[in-house]
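S.K.: The following block contains the structure, expressed as structure tokens.
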Amino acid sequence: MRDVILITGASRGIGRAVAIKLASRGLALALGCHTALAETEALAAELRETYGVDAATFAADVADGGQVDAMFAAAEKRLGPVTGLVNNAGIASQKLFTDTTPEEWNAMMGVHAGGTYYTCRRALPSMIRSRRGSIVNLSSIWGLTGASCEVAYSAA
């Protein structure tokens with residue numbers, strides 16, 4: 001069985017860098033994104049051409065468990081069982097805590113905490129059955145020290 005790694009938030013920044021590094025090692029990649037579909041599809045094409053790997057794009061809002069389930073199902077149908085998960089998806093907001101709306105708070109928690117929960121919940125059963133797999137959850141230094149004007153981000 002080949003290794004298939006699903007990376008959330010793969011369109012840019014750390015997620016993109018992780019995808020390039022894993023592609024350079026010959027791994028098949030399921031590149032997850034929410035809204036940056038064109039950028040993520042361009043990355044998948046670049047990885048296929050440069051490294052000769054199997055890479056495909058799958059859109060989902062990780063804060064929505066149903067969309068996460070659909071993303072995994074589509075990735076597994078196209079690439080095979082997911083043996084590795086990189087939770088990188090994230091959103092940010094810079095504002096005072098007192099100016100943060102309940103909707104903004106819930107969105108931040110939904111993507112960061114909920115997204116990690118939904119993706120791990122979906123990835124683990126096949127990893128446990130096959131007795132193989134890895135999960136990497138990325139976080140920001142602001143989760144350790146906090147930041148003024150980023151209370152919701154730091155808490156998430």
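Following the order of the structure tokens, chains are lettered A, B, ..., residues in each are numbered from 1, and ligands are numbered from 1.
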Leaving out range 5-12 of chain A and any residue of its chain fewer than 3 positions from it, which residues lie within 6 Å of it when counting only C-alpha atoms, given as number ranges by chain?

M.R.: A: 15-16, 29-33, 39-40, 82, 84-89

S.K.: Would you write out those residues with C-alpha atoms, as a compact mmCIF listing (two decimals), in the first residue's frame?

M.R.:
```txt
# COMPACT_ATOMS: atom_id res chain seq x y z
CA GLY A 15 0.75 23.89 3.86
CA ARG A 16 2.26 24.54 0.43
CA LEU A 29 -0.93 13.95 -1.89
CA ALA A 30 -4.51 14.98 -1.22
CA LEU A 31 -4.33 18.76 -1.10
CA GLY A 32 -7.14 20.25 0.96
CA CYS A 33 -8.39 23.79 0.68
CA GLU A 39 -4.17 28.03 -6.26
CA THR A 40 -4.37 24.51 -4.87
CA VAL A 82 -5.15 8.16 3.76
CA GLY A 84 -0.99 10.51 6.87
CA LEU A 85 -2.77 13.70 7.88
CA VAL A 86 -1.31 17.19 8.24
CA ASN A 87 -3.75 19.55 9.97
CA ASN A 88 -2.64 22.96 8.77
CA ALA A 89 -5.86 24.79 7.90
```

S.K.: List as a ChimeraX atom specification the protein and nucleic acid residues near range 141-149 of chain A, meaning an atom at most 6 Å away when only C-alpha atoms are counted, but skip any in the same chain fewer than 3 places from it.

M.R.: /A:94-96,154

S.K.: Next, the residues of the selection above should be written as a JSON list (two decimals), in the first residue's frame with N, CA and C atoms.

M.R.:
```
[["chain", "number", "residue", "atom", "x", "y", "z"],
["A", 94, "GLN", "N", -7.24, 39.82, 13.55],
["A", 94, "GLN", "CA", -6.52, 40.69, 14.48],
["A", 94, "GLN", "C", -7.47, 41.80, 14.93],
["A", 95, "LYS", "N", -7.94, 41.64, 16.13],
["A", 95, "LYS", "CA", -8.81, 42.67, 16.72],
["A", 95, "LYS", "C", -8.88, 42.45, 18.22],
["A", 96, "LEU", "N", -9.31, 43.47, 18.90],
["A", 96, "LEU", "CA", -9.46, 43.36, 20.34],
["A", 96, "LEU", "C", -10.50, 42.30, 20.69],
["A", 154, "SER", "N", -5.36, 32.92, 19.40],
["A", 154, "SER", "CA", -4.52, 32.27, 20.40],
["A", 154, "SER", "C", -5.28, 31.19, 21.15]]
```

S.K.: Could you tell me which of A:Asn137, A:Ser24, A:Ser93, A:Thr83 comes closest to Tyr117 in chain A if we count only C-alpha atoms?

M.R.: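 Between A:Asn137, A:Ser24, A:Ser93, A:Thr83, the residue approaching Tyr117 in chain A most closely is A:Asn137.
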
S.K.: Would you please give, as a compact mmCIF listing (two decimals) with all heavy atoms, in the first residue's frame, all residues of range 61-93 of chain A that DSSP assigns to helix (DSSP H, G or I) based on the backbone?

M.R.:
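Saved result, out_15.txt, follows:
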```
# COMPACT_ATOMS: atom_id res chain seq x y z
N GLY A 65 -18.14 18.95 9.66
CA GLY A 65 -17.84 17.52 9.67
C GLY A 65 -18.30 16.79 8.43
O GLY A 65 -17.62 15.89 7.94
N GLY A 66 -19.44 17.16 7.88
CA GLY A 66 -19.94 16.53 6.66
C GLY A 66 -19.02 16.80 5.47
O GLY A 66 -18.78 15.91 4.66
N GLN A 67 -18.53 18.03 5.38
CA GLN A 67 -17.60 18.35 4.29
C GLN A 67 -16.27 17.62 4.46
O GLN A 67 -15.66 17.18 3.47
CB GLN A 67 -17.37 19.87 4.20
CG GLN A 67 -18.57 20.62 3.66
CD GLN A 67 -18.26 22.07 3.40
OE1 GLN A 67 -17.18 22.42 2.92
NE2 GLN A 67 -19.22 22.95 3.70
N VAL A 68 -15.82 17.47 5.70
CA VAL A 68 -14.59 16.71 5.95
C VAL A 68 -14.77 15.26 5.54
O VAL A 68 -13.91 14.67 4.87
CB VAL A 68 -14.16 16.82 7.43
CG1 VAL A 68 -13.06 15.82 7.77
CG2 VAL A 68 -13.71 18.24 7.75
N ASP A 69 -15.90 14.66 5.90
CA ASP A 69 -16.18 13.27 5.51
C ASP A 69 -16.18 13.13 3.99
O ASP A 69 -15.61 12.19 3.44
CB ASP A 69 -17.52 12.80 6.08
CG ASP A 69 -17.48 12.56 7.59
OD1 ASP A 69 -16.37 12.46 8.15
OD2 ASP A 69 -18.57 12.49 8.19
N ALA A 70 -16.81 14.08 3.30
CA ALA A 70 -16.87 14.05 1.83
C ALA A 70 -15.48 14.23 1.23
O ALA A 70 -15.14 13.57 0.23
CB ALA A 70 -17.82 15.12 1.32
N MET A 71 -14.65 15.09 1.81
CA MET A 71 -13.29 15.29 1.32
C MET A 71 -12.49 14.00 1.44
O MET A 71 -11.80 13.59 0.50
CB MET A 71 -12.60 16.42 2.09
CG MET A 71 -11.13 16.62 1.72
SD MET A 71 -10.33 17.98 2.60
CE MET A 71 -10.44 17.46 4.32
N PHE A 72 -12.56 13.36 2.59
CA PHE A 72 -11.84 12.10 2.77
C PHE A 72 -12.34 11.03 1.80
O PHE A 72 -11.54 10.31 1.22
CB PHE A 72 -11.97 11.61 4.22
CG PHE A 72 -10.87 12.07 5.13
CD1 PHE A 72 -10.93 13.33 5.71
CD2 PHE A 72 -9.80 11.26 5.41
CE1 PHE A 72 -9.93 13.77 6.56
CE2 PHE A 72 -8.78 11.69 6.26
CZ PHE A 72 -8.85 12.95 6.83
N ALA A 73 -13.65 10.92 1.65
CA ALA A 73 -14.21 9.91 0.74
C ALA A 73 -13.71 10.14 -0.68
O ALA A 73 -13.33 9.19 -1.37
CB ALA A 73 -15.73 9.93 0.80
N ALA A 74 -13.72 11.39 -1.12
CA ALA A 74 -13.25 11.70 -2.48
C ALA A 74 -11.76 11.43 -2.62
O ALA A 74 -11.30 10.88 -3.64
CB ALA A 74 -13.56 13.15 -2.82
N ALA A 75 -10.98 11.78 -1.61
CA ALA A 75 -9.53 11.55 -1.65
C ALA A 75 -9.23 10.05 -1.67
O ALA A 75 -8.38 9.59 -2.44
CB ALA A 75 -8.86 12.21 -0.46
N GLU A 76 -9.93 9.29 -0.85
CA GLU A 76 -9.72 7.84 -0.82
C GLU A 76 -10.13 7.17 -2.12
O GLU A 76 -9.46 6.24 -2.59
CB GLU A 76 -10.47 7.23 0.36
CG GLU A 76 -9.86 7.64 1.70
CD GLU A 76 -10.75 7.37 2.89
OE1 GLU A 76 -11.97 7.15 2.73
OE2 GLU A 76 -10.21 7.41 4.01
N LYS A 77 -11.20 7.65 -2.71
CA LYS A 77 -11.64 7.09 -4.00
C LYS A 77 -10.60 7.38 -5.08
O LYS A 77 -10.31 6.52 -5.90
CB LYS A 77 -12.99 7.69 -4.39
CG LYS A 77 -13.53 7.13 -5.69
CD LYS A 77 -14.91 7.69 -5.99
CE LYS A 77 -15.43 7.08 -7.29
NZ LYS A 77 -16.76 7.59 -7.62
N ARG A 78 -10.03 8.57 -5.07
CA ARG A 78 -9.08 8.97 -6.10
C ARG A 78 -7.66 8.45 -5.86
O ARG A 78 -6.97 8.03 -6.77
CB ARG A 78 -9.08 10.51 -6.18
CG ARG A 78 -7.95 11.17 -6.92
CD ARG A 78 -8.04 11.02 -8.44
NE ARG A 78 -7.05 11.81 -9.10
CZ ARG A 78 -5.75 11.54 -9.12
NH1 ARG A 78 -5.28 10.48 -8.49
NH2 ARG A 78 -4.91 12.32 -9.77
N LEU A 79 -7.21 8.45 -4.58
CA LEU A 79 -5.82 8.15 -4.28
C LEU A 79 -5.59 6.88 -3.46
O LEU A 79 -4.49 6.35 -3.46
CB LEU A 79 -5.19 9.33 -3.52
CG LEU A 79 -5.17 10.67 -4.24
CD1 LEU A 79 -4.83 11.80 -3.27
CD2 LEU A 79 -4.19 10.64 -5.40
```

S.K.: Give me every strand (DSSP E) residue in range 11-150 of chain A, going by DSSP on the backbone, as a list in words.

M.R.: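 In range 11-150 of chain A, DSSP puts these residues in strand (DSSP E): Ala28, Leu29, Ala30, Leu31, Gly32, Cys33, Ala55, Ala56, Thr57, Phe58, Ala59, Gly84, Leu85, Val86, Asn87, Ser134, Ile135, Val136 and Asn137 of chain A.
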
S.K.: Could the residues in this selection be written to a file with N, CA, C and O atoms, as a short mmCIF file (atom, residue, chain, number, x, y, z; two decimals), in the first residue's frame?

M.R.:
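This went into again_34.cif:
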```
data_model
loop_
_atom_site.label_atom_id
_atom_site.label_comp_id
_atom_site.auth_asym_id
_atom_site.auth_seq_id
_atom_site.Cartn_x
_atom_site.Cartn_y
_atom_site.Cartn_z
N ALA A 28 2.07 10.37 -2.45
CA ALA A 28 0.82 10.80 -3.07
C ALA A 28 0.16 11.80 -2.13
O ALA A 28 0.15 11.61 -0.91
N LEU A 29 -0.41 12.87 -2.72
CA LEU A 29 -0.93 13.95 -1.89
C LEU A 29 -2.37 14.31 -2.21
O LEU A 29 -2.73 14.51 -3.36
N ALA A 30 -3.16 14.42 -1.15
CA ALA A 30 -4.51 14.98 -1.22
C ALA A 30 -4.39 16.38 -0.64
O ALA A 30 -4.12 16.55 0.54
N LEU A 31 -4.53 17.37 -1.50
CA LEU A 31 -4.33 18.76 -1.10
C LEU A 31 -5.68 19.39 -0.76
O LEU A 31 -6.51 19.59 -1.63
N GLY A 32 -5.88 19.68 0.51
CA GLY A 32 -7.14 20.25 0.96
C GLY A 32 -7.10 21.76 0.97
O GLY A 32 -6.08 22.37 1.28
N CYS A 33 -8.23 22.34 0.62
CA CYS A 33 -8.39 23.79 0.68
C CYS A 33 -9.86 24.10 0.92
O CYS A 33 -10.71 23.24 0.76
N ALA A 55 -1.04 13.80 -7.22
CA ALA A 55 -1.52 14.87 -6.35
C ALA A 55 -2.86 15.36 -6.87
O ALA A 55 -3.02 15.55 -8.08
N ALA A 56 -3.80 15.54 -5.97
CA ALA A 56 -5.13 16.00 -6.36
C ALA A 56 -5.66 16.95 -5.29
O ALA A 56 -5.26 16.90 -4.13
N THR A 57 -6.58 17.81 -5.71
CA THR A 57 -7.14 18.84 -4.85
C THR A 57 -8.56 18.46 -4.39
O THR A 57 -9.34 17.94 -5.18
N PHE A 58 -8.84 18.75 -3.13
CA PHE A 58 -10.15 18.45 -2.55
C PHE A 58 -10.58 19.63 -1.68
O PHE A 58 -9.88 20.00 -0.75
N ALA A 59 -11.72 20.22 -2.01
CA ALA A 59 -12.20 21.40 -1.29
C ALA A 59 -13.14 20.99 -0.16
O ALA A 59 -14.01 20.13 -0.35
N GLY A 84 -1.58 9.40 6.14
CA GLY A 84 -0.99 10.51 6.87
C GLY A 84 -1.88 11.73 6.77
O GLY A 84 -2.52 11.96 5.73
N LEU A 85 -1.94 12.50 7.83
CA LEU A 85 -2.77 13.70 7.88
C LEU A 85 -1.93 14.84 8.44
O LEU A 85 -1.28 14.68 9.47
N VAL A 86 -1.95 15.97 7.75
CA VAL A 86 -1.31 17.19 8.24
C VAL A 86 -2.41 18.23 8.41
O VAL A 86 -2.98 18.70 7.43
N ASN A 87 -2.74 18.53 9.66
CA ASN A 87 -3.75 19.55 9.97
C ASN A 87 -3.07 20.91 10.00
O ASN A 87 -2.37 21.24 10.95
N SER A 134 0.14 8.41 10.40
CA SER A 134 0.68 9.52 11.19
C SER A 134 -0.24 10.72 11.07
O SER A 134 -0.80 10.98 10.01
N ILE A 135 -0.33 11.46 12.16
CA ILE A 135 -1.08 12.71 12.17
C ILE A 135 -0.17 13.79 12.75
O ILE A 135 0.43 13.61 13.81
N VAL A 136 -0.09 14.91 12.03
CA VAL A 136 0.67 16.06 12.49
C VAL A 136 -0.29 17.23 12.59
O VAL A 136 -0.93 17.59 11.59
N ASN A 137 -0.42 17.81 13.77
CA ASN A 137 -1.27 18.97 14.00
C ASN A 137 -0.37 20.19 14.18
O ASN A 137 0.41 20.25 15.13
#
```

S.K.: Rounded to one decimal, what separation in Å do you get between CA of Leu37 in chain A and CA of Arg25 in chain A?

M.R.: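 Computing it gives 23.9 Å between the two atoms.
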
S.K.: For the atom pair CA of Arg132 in chain A and CA of Ala19 in chain A, what is the interatomic distance in Å to one decimal place?

M.R.: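 Interatomic distance here is 20.2 Å.
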
S.K.: Work out how far apart CA of Gly115 in chain A and CA of Ala23 in chain A are and give it in Å to one decimal.

M.R.: 23.7 Å

S.K.: Name the closest residue to Ala152 in chain A among the candidates A:Thr100, A:Arg122, A:Ala17, A:Glu41; distances are taken between atoms, counting only C-alpha atoms.

M.R.: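 Of A:Thr100, A:Arg122, A:Ala17, A:Glu41, the one nearest Ala152 in chain A, counting only C-alpha atoms, is A:Thr100.
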
S.K.: Between A:Arg48, A:Ala63, A:Pro81, A:Thr98, which has the minimum distance to His112 in chain A (counting only C-alpha atoms)?

M.R.: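 Going through A:Arg48, A:Ala63, A:Pro81, A:Thr98 one by one, the smallest distance to His112 in chain A is for A:Ala63.
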
S.K.: May I have the residues within 10 Å of Met109 in chain A as a PyMOL selection string, using only C-alpha atoms and disregarding those fewer than 2 positions away in the same chain?

M.R.: chain A and resi 63+90-91+103-107+111-115+152-153+155-156
